[in-house]
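Trainee: Just passing along the structure, written as structure tokens.
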Amino acid sequence: MDSQKHLFILSCLSLLLVLLSGQMEMQVEATRHLNHPSKKLFVFGDSYVDTGNSIKTIFDSWKVPYGITFPGKPVGRFSDGRVLTDFLAKYLGLKSPITHNLWNTNTVPKHDLKYGMNFAYGGTGVFEISSTGPNVTTQINSLIKLIQENVYTPSDITKSIAYVSVAGNDYNYYLKTGGAFLGFPSFPSFIESVIEQTTTNLIHLQSLGFERIVVGALQPLGCLPQATAETSFQSCNSTFNDLVALHNNLLNQSVTKLNQETNDHTTFTILDIFDSFKSVLNHPSSHNIKERLKPCCVGVSSEYKCGSVDYKNLNKVKKYLVCENPESTFFWDQLHPTQAGWNAVYNELEKKDLYQVLY
Ligand SMILES: *[C@@H]1O[C@H](CO)[C@@H](O)[C@H](O)[C@H]1NC(C)=O
Ligand SMILES: *[C@@H]1O[C@H](CO)[C@@H](O)[C@H](O)[C@H]1NC(C)=O
Ligand SMILES: *[C@@H]1O[C@H](CO)[C@@H](O)[C@H](O)[C@H]1NC(C)=O
């Protein structure tokens with residue numbers, strides 16, 4: 001009996017120690033990066049960075065089981081928990097910036113503006129492809145309006161970072177609509193125009209005075225569950241990934257040129273999401289990822305998806321399944337990583353050149 005009691009107390013103590021050291025690590029991390037107290041993070045783009053802008057009544061991100069890991073309920077993040085924005089903010093020693101929609105409700109104190117603002121909407125791209133959210137151009141115009149209203153001053157902007165996520169909705173739309181919708185006969189010619197429009201958006205942000213403008217490389221779309229379902233989540237589609245490589249090469253060329261045309265030559269950087277996704281997917285076990293390509297949350301059949309509910313007979317019937325271990329699964333749904341997936345990607349980014357990219 002007695003020895004069992006001892007064992008119990010011992011394990012409680014060691015648990016406490018583990019928790020405490022975890023917290024200390026996070027504090028160290030935060031202070032390490034807190035050398036720029038007035039730096040803010042402004043975020044533009046799509047669901048890879050949206051933390052709650054998308055419309056509640058339409059998007060799955062506001063339905064159970066989204067958010068089950070963090071914060072424990074759906075809050076508009078397209079994952080079971082934290083997304084890329086949260087990890088970038090953490091690295092910068094900031095809280096995740098408030099969403100533009102929340103600011104528009106007039107219910108948040110001005111104090112909450114100090115970490116920046118998130119303008120990103122799930123489902124959007126650089127073109128007008130979504131009827132439910134503003135494209136990147138319109139998102140940037142929302143920031144310009146706030147500057148005109150003195151919500152943010154020009155000097156707030158010059159000390160800040162802009163992050164732009166263009167994670168492939170333009171391409172999904174292109175494929176879904178059969179391609180020729182804008183008069184682009186081939187996928188490569190459409191990729192060129194996506195890069196051109198992204199470049200226009202980056203120049204627009206530069207004209208607002210941002211010290212640092214970071215654009216995400218495109219992740220390997222051919223490895224997303226929507227592309228690997230055909231092979232029962234066994235292998236990435238390399239044809240699709242070759243097209244992604246073209247996007248990323250053109251983006252690199254364009255950003256290199258922008259820097260050459262800029263006085264300090266370092267305003268624009270690329271966050272290499274492609275490489276970090278690939279590293280994690282090639283060596284999942286070094287990140288404690290056991291399920292590599294199969295998503296955690298799926299519809300019970302092809303007509304349903306993660307978050308689907310059937311309202312027949314006035315009963316809510318769940319039409320999705322959630323895996324037992326989201327913490328060891330890379331993908332959450334058809335398109336998005338789990339919090340564990342993002343954490344692994346973040347760790348890869350940090351191993352390489354996150355500091356140079358963000359500072
Ligand atoms: C972005 O959206 C606005 C408003 O809907 C639209 O006028 C504009 O043409 C779009 N931009 C691009 C590049 O498609
Ligand atoms: C791979 O992706 C390409 C481009 O989207 C598509 O045309 C092709 O059918 C896909 N192949 C497989 C095996 O899914
Ligand atoms: C473009 O790619 C080259 C070669 O991989 C790399 O050294 C360079 O840093 C990249 N440029 C940007 C802006 O990321």
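So you can find residues: chains in the structure tokens are A, B, ... in the order shown, residues in each start at 1, and ligands are numbered from 1 in order.
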Pull the closest atom pair for each residue of stretch 112-144 of chain A that gets at most 8 Å from stretch 53-62 of chain A, along with the distance in Å to one decimal, counting only C-alpha atoms, ordering rows by chain and then ascending residue number, as JSON lines.
Mentor:
```
{"residue": "A:Asn118", "atom": "CA", "partner": "A:Asn53", "partner_atom": "CA", "distance": 8.0}
{"residue": "A:Phe119", "atom": "CA", "partner": "A:Asn53", "partner_atom": "CA", "distance": 7.1}
{"residue": "A:Ala120", "atom": "CA", "partner": "A:Asn53", "partner_atom": "CA", "distance": 6.6}
{"residue": "A:Tyr121", "atom": "CA", "partner": "A:Ser54", "partner_atom": "CA", "distance": 5.2}
{"residue": "A:Gly122", "atom": "CA", "partner": "A:Ser54", "partner_atom": "CA", "distance": 5.8}
{"residue": "A:Thr132", "atom": "CA", "partner": "A:Ile55", "partner_atom": "CA", "distance": 7.2}
{"residue": "A:Gly133", "atom": "CA", "partner": "A:Ser54", "partner_atom": "CA", "distance": 6.9}
```
Trainee: Skip stretch 38-45 of chain A itself and residues of its chain fewer than 2 positions away, then list as an MDAnalysis selection string all residues within 8 Å of it, counting only C-alpha atoms.
Mentor: chainID A and resid 36 47:50 85 89 94 97 114:122 124:126 135:136 139:140 156:157 159:167
Trainee: Ligand 3: which residues are within 6 Å, counting only C-alpha atoms and all ligand atoms, as a ChimeraX atom specification?
Mentor: /A:252,255-256,269-270
Trainee: Output as a PyMOL selection string all residues of stretch 164-209 of chain A that backbone DSSP marks as alpha helix (DSSP H).
Mentor: chain A and resi 169-176+187-207
Trainee: What would the file look like if the residues just selected were written as a CSV table (one decimal), in the first residue's frame with C-alpha atoms?
Mentor:
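What ended up in again-v7.csv:
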```csv
chain,number,residue,atom,x,y,z
A,169,ASN,CA,-7.7,27.7,-53.8
A,170,ASP,CA,-7.2,29.4,-57.2
A,171,TYR,CA,-5.9,26.1,-58.5
A,172,ASN,CA,-8.7,24.1,-57.0
A,173,TYR,CA,-11.2,26.5,-58.6
A,174,TYR,CA,-9.3,26.2,-61.9
A,175,LEU,CA,-9.5,22.4,-61.8
A,176,LYS,CA,-13.1,22.3,-60.6
A,187,PHE,CA,-2.5,24.9,-66.2
A,188,PRO,CA,1.1,26.4,-66.6
A,189,SER,CA,-0.3,29.6,-68.1
A,190,PHE,CA,-2.7,29.9,-65.2
A,191,ILE,CA,0.1,29.4,-62.7
A,192,GLU,CA,1.9,32.3,-64.4
A,193,SER,CA,-1.1,34.5,-63.9
A,194,VAL,CA,-1.5,33.5,-60.2
A,195,ILE,CA,2.1,34.5,-59.6
A,196,GLU,CA,1.6,37.8,-61.5
A,197,GLN,CA,-1.4,38.6,-59.3
A,198,THR,CA,0.4,37.5,-56.1
A,199,THR,CA,3.3,39.8,-57.1
A,200,THR,CA,0.9,42.7,-57.6
A,201,ASN,CA,-0.4,42.0,-54.1
A,202,LEU,CA,3.1,42.0,-52.6
A,203,ILE,CA,4.0,45.3,-54.3
A,204,HIS,CA,0.7,46.7,-52.9
A,205,LEU,CA,1.8,45.7,-49.4
A,206,GLN,CA,5.2,47.2,-49.9
A,207,SER,CA,3.6,50.5,-50.8
```
Trainee: Produce as a PyMOL selection string the set of residues near ligand 2, where near means within 8 Å with only C-alpha atoms and all ligand atoms considered.
Mentor: chain A and resi 175+222+227-228+230-231+237-241+243
Trainee: Export, as a CSV table (one decimal), in the first residue's frame, the selected residues with N, CA and C atoms.
Mentor:
```
chain,number,residue,atom,x,y,z
A,175,LEU,N,-9.3,23.8,-61.5
A,175,LEU,CA,-9.5,22.4,-61.8
A,175,LEU,C,-11.0,22.0,-61.8
A,222,GLY,N,-0.2,17.7,-54.3
A,222,GLY,CA,-0.4,16.4,-54.7
A,222,GLY,C,-0.3,15.4,-53.5
A,227,ALA,N,-6.1,14.7,-53.0
A,227,ALA,CA,-5.4,14.2,-54.2
A,227,ALA,C,-4.9,12.8,-54.1
A,228,THR,N,-4.8,12.3,-52.8
A,228,THR,CA,-4.3,11.0,-52.6
A,228,THR,C,-5.4,9.9,-52.3
A,230,GLU,N,-7.6,8.7,-54.2
A,230,GLU,CA,-7.6,7.8,-55.3
A,230,GLU,C,-6.7,6.6,-55.1
A,231,THR,N,-5.6,6.8,-54.4
A,231,THR,CA,-4.6,5.7,-54.1
A,231,THR,C,-4.8,5.2,-52.7
A,237,ASN,N,0.6,12.5,-55.5
A,237,ASN,CA,0.5,12.6,-57.0
A,237,ASN,C,1.6,13.5,-57.5
A,238,SER,N,2.6,12.9,-58.2
A,238,SER,CA,3.8,13.7,-58.5
A,238,SER,C,3.6,14.6,-59.7
A,239,THR,N,2.6,14.3,-60.5
A,239,THR,CA,2.3,15.2,-61.6
A,239,THR,C,1.8,16.5,-61.1
A,240,PHE,N,0.9,16.4,-60.1
A,240,PHE,CA,0.4,17.6,-59.4
A,240,PHE,C,1.5,18.4,-58.7
A,241,ASN,N,2.4,17.6,-58.0
A,241,ASN,CA,3.5,18.3,-57.3
A,241,ASN,C,4.5,19.0,-58.2
A,243,LEU,N,3.6,20.6,-60.9
A,243,LEU,CA,3.0,21.9,-61.1
A,243,LEU,C,3.2,22.8,-60.0
```
Trainee: Just want the 7 Å neighbourhood of stretch 340-350 of chain A, counted on only C-alpha atoms, with same-chain residues fewer than 4 positions away dropped. Output as a list of chain:residue names.
Mentor: A:Val83, A:Leu84, A:Phe87, A:Ser276, A:Phe277, A:Val280, A:His287, A:Glu327, A:Ser328, A:Thr329, A:Phe330, A:Phe331, A:Leu354
Trainee: Can I get the selected residues back with C-alpha atoms, as a PDB file, in the first residue's frame?
Mentor:
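Produced file selection.pdb, reproduced below:
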```
ATOM      1  CA  VAL A  83      -2.920  26.754 -37.495  1.00  0.00           C
ATOM      2  CA  LEU A  84       0.126  28.357 -39.115  1.00  0.00           C
ATOM      3  CA  PHE A  87       2.756  29.227 -34.703  1.00  0.00           C
ATOM      4  CA  SER A 276       8.805  21.577 -44.646  1.00  0.00           C
ATOM      5  CA  PHE A 277       5.689  19.580 -45.616  1.00  0.00           C
ATOM      6  CA  VAL A 280       7.726  15.869 -42.384  1.00  0.00           C
ATOM      7  CA  HIS A 287       7.959  14.072 -35.599  1.00  0.00           C
ATOM      8  CA  GLU A 327      -1.821  14.164 -32.192  1.00  0.00           C
ATOM      9  CA  SER A 328      -0.046  11.564 -34.317  1.00  0.00           C
ATOM     10  CA  THR A 329      -1.886  12.230 -37.585  1.00  0.00           C
ATOM     11  CA  PHE A 330      -0.548  14.779 -40.084  1.00  0.00           C
ATOM     12  CA  PHE A 331      -3.728  15.716 -41.934  1.00  0.00           C
ATOM     13  CA  LEU A 354      12.782  30.851 -39.885  1.00  0.00           C
TER      14      LEU A 354
END
```
Trainee: Taking only C-alpha atoms and all ligand atoms into account, name the residue in A:Thr138, A:Phe78, A:His265, A:His336 that is nearest to ligand 1.
Mentor: A:Thr138
Trainee: From the options A:Glu128, A:Glu261, A:Asp275, A:Glu324, which residue's atoms come nearest to A:Pro220, counting only C-alpha atoms?
Mentor: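 The closest residue to A:Pro220 is A:Asp275.
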Trainee: Would you please extract all strand (DSSP E or B) residues from stretch 139-349 of chain A, as assigned by DSSP on the backbone, and give them as an MDAnalysis selection string?
Mentor: chainID A and resid 161:164 212:216 268:271 291 297:299 309:310 317:318 320:322 329 331 337
